[in-house]
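Participant: Pasting a structure here, questions to come.
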Amino acid sequence: MTVIRPSDDYLDQPFWTHLAAGTLHLSSCEDCGKAHHPPSPICPHCRSFNTGWKPASGRATLKSFTEVRHPVHTLLEPAVPYVVTLVELEEGVRMVSGLPPGQEAELRVGMALECTVIRHDPRFALPYFLPAPAAGHPDTA
Amino acid sequence: MGERMKTSIVGLGQTEFSKNSGRSELKLATEAILAALEDAGLEVDDIDGLVRYTWDHTSEATIVNALGIKALKYYGETEFGGVNCCGAVAQASAAIEAGLASCVVFYRALNARSGVRFGRGERVLEEVDGGLVTRQPEPPGDIYSAPFGLLVPGQHHALYAQAYAGHYGLDTEAMTEMLGAIAVTQRGYANGNPRALLHDRTLSMEEYRAGRVISTPLRIYDYCLETDGAMAMVIVSRERARSLGAKAVDVLAAGQHIFPGSVPMYLYAADTHSLAPEAVGRELFGKAGLSASDIDLAMIYDATSMMVPIALEDFGLIGRGEAHGFFTSGGHGPGGTLPVNTHGGLLSEGYFHGLNTIAEGVRQLRGESHNQVSAETALVTLRGASSMVLGRA
């Protein structure tokens, strides 16, 4: 099925190269230590330019979710239904994520989740989040 | 008493709303602007200020050249889809109060159904080698959300809805009752409003329940209608409005409020069950010299039905978590304690990016609504990102 890719020029950026290597890293401030997402050249908390990348714990809380049933592009017709999630990582950052294609799970706002990185091709992998007890299934690469 | 704004909306103009206008956005824009001037009793040569949206395709230059506006002394641009309509009025008012202009037209013209559709993925995606690619740096459809299939505002709204349901412990049935009460009541208003795209189509609660689910928990009837058309409004100082004898409605307060994560789509901001901090309403009402309980009428930007309960709670027009009870008991309907979106809203009149939300507030306070209620004041808000209080002149 179709998974939408960021264009190739983005995939050279650290967020994506870390994922392609198998781990979720967060743009983080080397001065105040706080993470932020989406990545930015300046820390929005202490305004330091001294930012870098730190591996995420992978632990998160579900803030919201939706099962998308209506495809908004013809190439997505085979992809529906699919589940999009809004998750809050332990590091205090919010991310858009989802359930891996074809995977089902009982979701509830507030539940604990764990990250699993799934590689779709050698340069492109995504951080999905699954209910904590079911997490940790192997990388499909 | 707060420091009230000193401007008035003195003219409204619009084209018909349709699925296919059959004419250019420039033609639509000029038709709406001329209609607004006529409504105000003003001429093209009176215009010396213009406020437009960056997302529109007709520039200031195009409008000045097309209409032969002799001297445009102020032009301002504003961002973010529909949510900044009241910000555009604030901008026009600020320009007038600062002496930069004396007669400002705010307009929007879009073939948003027959042309580029905001509700479709094609706006943000490219087909490459049989697959789909995004190059968008910001939501919707940006590189961090599109890969998971979050592509269009209507899907974001489904996330707002589920976050609200989760926060207040509302189950699927309770959400259906609340959102259905909004969609069905607003359709009833639209049935009384000849301008509404869905003027001739009724909607019952049974039909609402049977509606196709687009993105859980939202059904087709929870979504606005992509629309072709144009609207314009004319803003002048209150003093000039009085001397014109126009059917003025006063801008008592208008402003913008965005914060980290709240724009362009509300994804990353701290609260997920709410879309604006309570300070937004407090400050707005304070500037208008009013409090929430003084508001007679609410015009809420309803790109989806879910925006309505969140806005009423965010602005303190009802208490936190009270939305289900308020809407299921008809508080927003004819004869309710706080009529809401009496034109039918973006859901049933047409999605004109909030300009029609403002226009209905103006018409109500002029006494010209097709669903007229008794009102001295109206709140207009576009999910708190921009808001205004209008008062009967």
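Chain labels A, B, ... are given in the sequence in which chains occur in the structure tokens; within each chain residues are numbered consecutively from 1, and ligands are likewise numbered from 1 in the order shown.
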With only C-alpha atoms as the counted atoms, please give the residues lying no more than 6 Å from region 2-5 of chain A, apart from itself and same-chain residues fewer than 4 positions off, as a ChimeraX atom specification.

Facilitator: /B:132-133,147

Participant: Take the residues from that selection and write them out as a tab-separated table (two decimals), in the first residue's frame, keeping N, CA and C atoms.

Facilitator:
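Wrote it out as again-v3.tsv, contents follow:
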chain	number	residue	atom	x	y	z
B	132	LEU	N	3.36	8.63	-3.49
B	132	LEU	CA	3.01	9.98	-3.08
B	132	LEU	C	4.12	10.59	-2.25
B	133	VAL	N	4.42	11.86	-2.52
B	133	VAL	CA	5.51	12.56	-1.85
B	133	VAL	C	4.99	13.90	-1.33
B	147	PRO	N	3.22	11.31	6.25
B	147	PRO	CA	3.53	9.88	6.13
B	147	PRO	C	2.57	8.98	6.91

Participant: As a ChimeraX atom specification, please: every residue in chain A that DSSP puts in helix (DSSP H, G or I).

Facilitator: /A:8-11,14-20,74-76,132-134

Participant: Restricted to N, CA and C atoms, what would the selected residues look like written as a PDB file, in the first residue's frame?

Facilitator:
ATOM      1  N   ASP A   8      12.994  13.437  -1.178  1.00  0.00           N
ATOM      2  CA  ASP A   8      14.339  12.920  -0.893  1.00  0.00           C
ATOM      3  C   ASP A   8      15.244  13.917  -0.167  1.00  0.00           C
ATOM      4  N   ASP A   9      15.123  15.202  -0.506  1.00  0.00           N
ATOM      5  CA  ASP A   9      16.009  16.178   0.148  1.00  0.00           C
ATOM      6  C   ASP A   9      15.791  16.213   1.663  1.00  0.00           C
ATOM      7  N   TYR A  10      14.554  15.987   2.114  1.00  0.00           N
ATOM      8  CA  TYR A  10      14.311  15.936   3.562  1.00  0.00           C
ATOM      9  C   TYR A  10      14.943  14.697   4.194  1.00  0.00           C
ATOM     10  N   LEU A  11      14.976  13.591   3.444  1.00  0.00           N
ATOM     11  CA  LEU A  11      15.421  12.322   4.043  1.00  0.00           C
ATOM     12  C   LEU A  11      16.903  12.332   4.404  1.00  0.00           C
ATOM     13  N   PRO A  14      18.830  14.784   9.846  1.00  0.00           N
ATOM     14  CA  PRO A  14      19.087  13.837  10.947  1.00  0.00           C
ATOM     15  C   PRO A  14      17.852  13.096  11.466  1.00  0.00           C
ATOM     16  N   PHE A  15      16.702  13.782  11.556  1.00  0.00           N
ATOM     17  CA  PHE A  15      15.500  13.103  12.059  1.00  0.00           C
ATOM     18  C   PHE A  15      15.250  11.838  11.245  1.00  0.00           C
ATOM     19  N   TRP A  16      15.398  11.965   9.930  1.00  0.00           N
ATOM     20  CA  TRP A  16      15.081  10.841   9.038  1.00  0.00           C
ATOM     21  C   TRP A  16      16.232   9.851   8.936  1.00  0.00           C
ATOM     22  N   THR A  17      17.484  10.332   8.962  1.00  0.00           N
ATOM     23  CA  THR A  17      18.606   9.375   8.867  1.00  0.00           C
ATOM     24  C   THR A  17      18.689   8.518  10.134  1.00  0.00           C
ATOM     25  N   HIS A  18      18.376   9.115  11.296  1.00  0.00           N
ATOM     26  CA  HIS A  18      18.332   8.310  12.537  1.00  0.00           C
ATOM     27  C   HIS A  18      17.240   7.243  12.435  1.00  0.00           C
ATOM     28  N   LEU A  19      16.079   7.622  11.937  1.00  0.00           N
ATOM     29  CA  LEU A  19      14.989   6.638  11.800  1.00  0.00           C
ATOM     30  C   LEU A  19      15.389   5.529  10.827  1.00  0.00           C
ATOM     31  N   ALA A  20      16.010   5.910   9.713  1.00  0.00           N
ATOM     32  CA  ALA A  20      16.423   4.901   8.732  1.00  0.00           C
ATOM     33  C   ALA A  20      17.430   3.943   9.353  1.00  0.00           C
ATOM     34  N   THR A  74      -6.748   9.652  -4.601  1.00  0.00           N
ATOM     35  CA  THR A  74      -7.121   8.374  -5.235  1.00  0.00           C
ATOM     36  C   THR A  74      -6.118   7.265  -4.919  1.00  0.00           C
ATOM     37  N   LEU A  75      -4.838   7.615  -4.797  1.00  0.00           N
ATOM     38  CA  LEU A  75      -3.843   6.578  -4.502  1.00  0.00           C
ATOM     39  C   LEU A  75      -3.960   6.047  -3.071  1.00  0.00           C
ATOM     40  N   LEU A  76      -4.767   6.721  -2.250  1.00  0.00           N
ATOM     41  CA  LEU A  76      -4.943   6.248  -0.872  1.00  0.00           C
ATOM     42  C   LEU A  76      -6.178   5.359  -0.719  1.00  0.00           C
ATOM     43  N   ALA A 132       1.393  -0.133  25.013  1.00  0.00           N
ATOM     44  CA  ALA A 132       2.652  -0.564  25.620  1.00  0.00           C
ATOM     45  C   ALA A 132       2.879  -2.076  25.673  1.00  0.00           C
ATOM     46  N   PRO A 133       1.906  -2.877  26.102  1.00  0.00           N
ATOM     47  CA  PRO A 133       2.212  -4.306  26.218  1.00  0.00           C
ATOM     48  C   PRO A 133       2.496  -4.972  24.867  1.00  0.00           C
ATOM     49  N   ALA A 134       1.957  -4.403  23.784  1.00  0.00           N
ATOM     50  CA  ALA A 134       2.092  -5.034  22.473  1.00  0.00           C
ATOM     51  C   ALA A 134       3.291  -4.498  21.704  1.00  0.00           C
TER      52      ALA A 134
END

Participant: Mind giving me the straight-line distance from CA of Asn356 (chain B) to CA of Phe17 (chain B) in Å, one decimal?

Facilitator: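 Atom-to-atom, CA of Asn356 (chain B) to CA of Phe17 (chain B), that is 10.4 Å.
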
Participant: Could the residues of chain B within 8 Å of chain A, counting only C-alpha atoms, be given as an MDAnalysis selection string, please?

Facilitator: chainID B and resid 119:122 131:135 143:152 155 158:160 162:163 166:167 213:217 267:268 272

Participant: Counting only C-alpha atoms, figure out which residue out of B:Ala253, B:Ala66, B:Leu346, B:Val83 gets nearest to Ala288 (chain B).

Facilitator: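 Result for the nearest residue to Ala288 (chain B): B:Ala253.
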
Participant: Could you state the separation of CA of Ser102 (chain B) and CA of Glu79 (chain B) in Å, given to one decimal place?

Facilitator: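 CA of Ser102 (chain B) sits 22.9 Å away from CA of Glu79 (chain B).
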
Participant: Write out as number ranges by chain which residues come within 7 Å of Ala183 (chain B) when counting only C-alpha atoms, dropping same-chain ones fewer than 6 positions away.

Facilitator: B: 221-222, 305

Participant: Please provide as JSON, numbers by chain all residues within 6 Å of Val251 (chain B), with the sequence filter that same-chain residues fewer than 3 positions apart are discarded (counting only C-alpha atoms).

Facilitator: {"B": [7, 8, 390]}

Participant: Please compute the CA of Ala60 (chain A)-CA of Ala161 (chain B) distance, one decimal, in Å.

Facilitator: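 Pair CA of Ala60 (chain A) / CA of Ala161 (chain B) returns 20.2 Å.
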
Participant: Counting only C-alpha atoms, what is within 8 Å of region 175-182 of chain B, bar same-chain residues fewer than 3 positions away, as an MDAnalysis selection string?

Facilitator: chainID B and resid 165 170:172 185:186 205 208:209 217 222 305:306 308 323:325 327:328 330 332
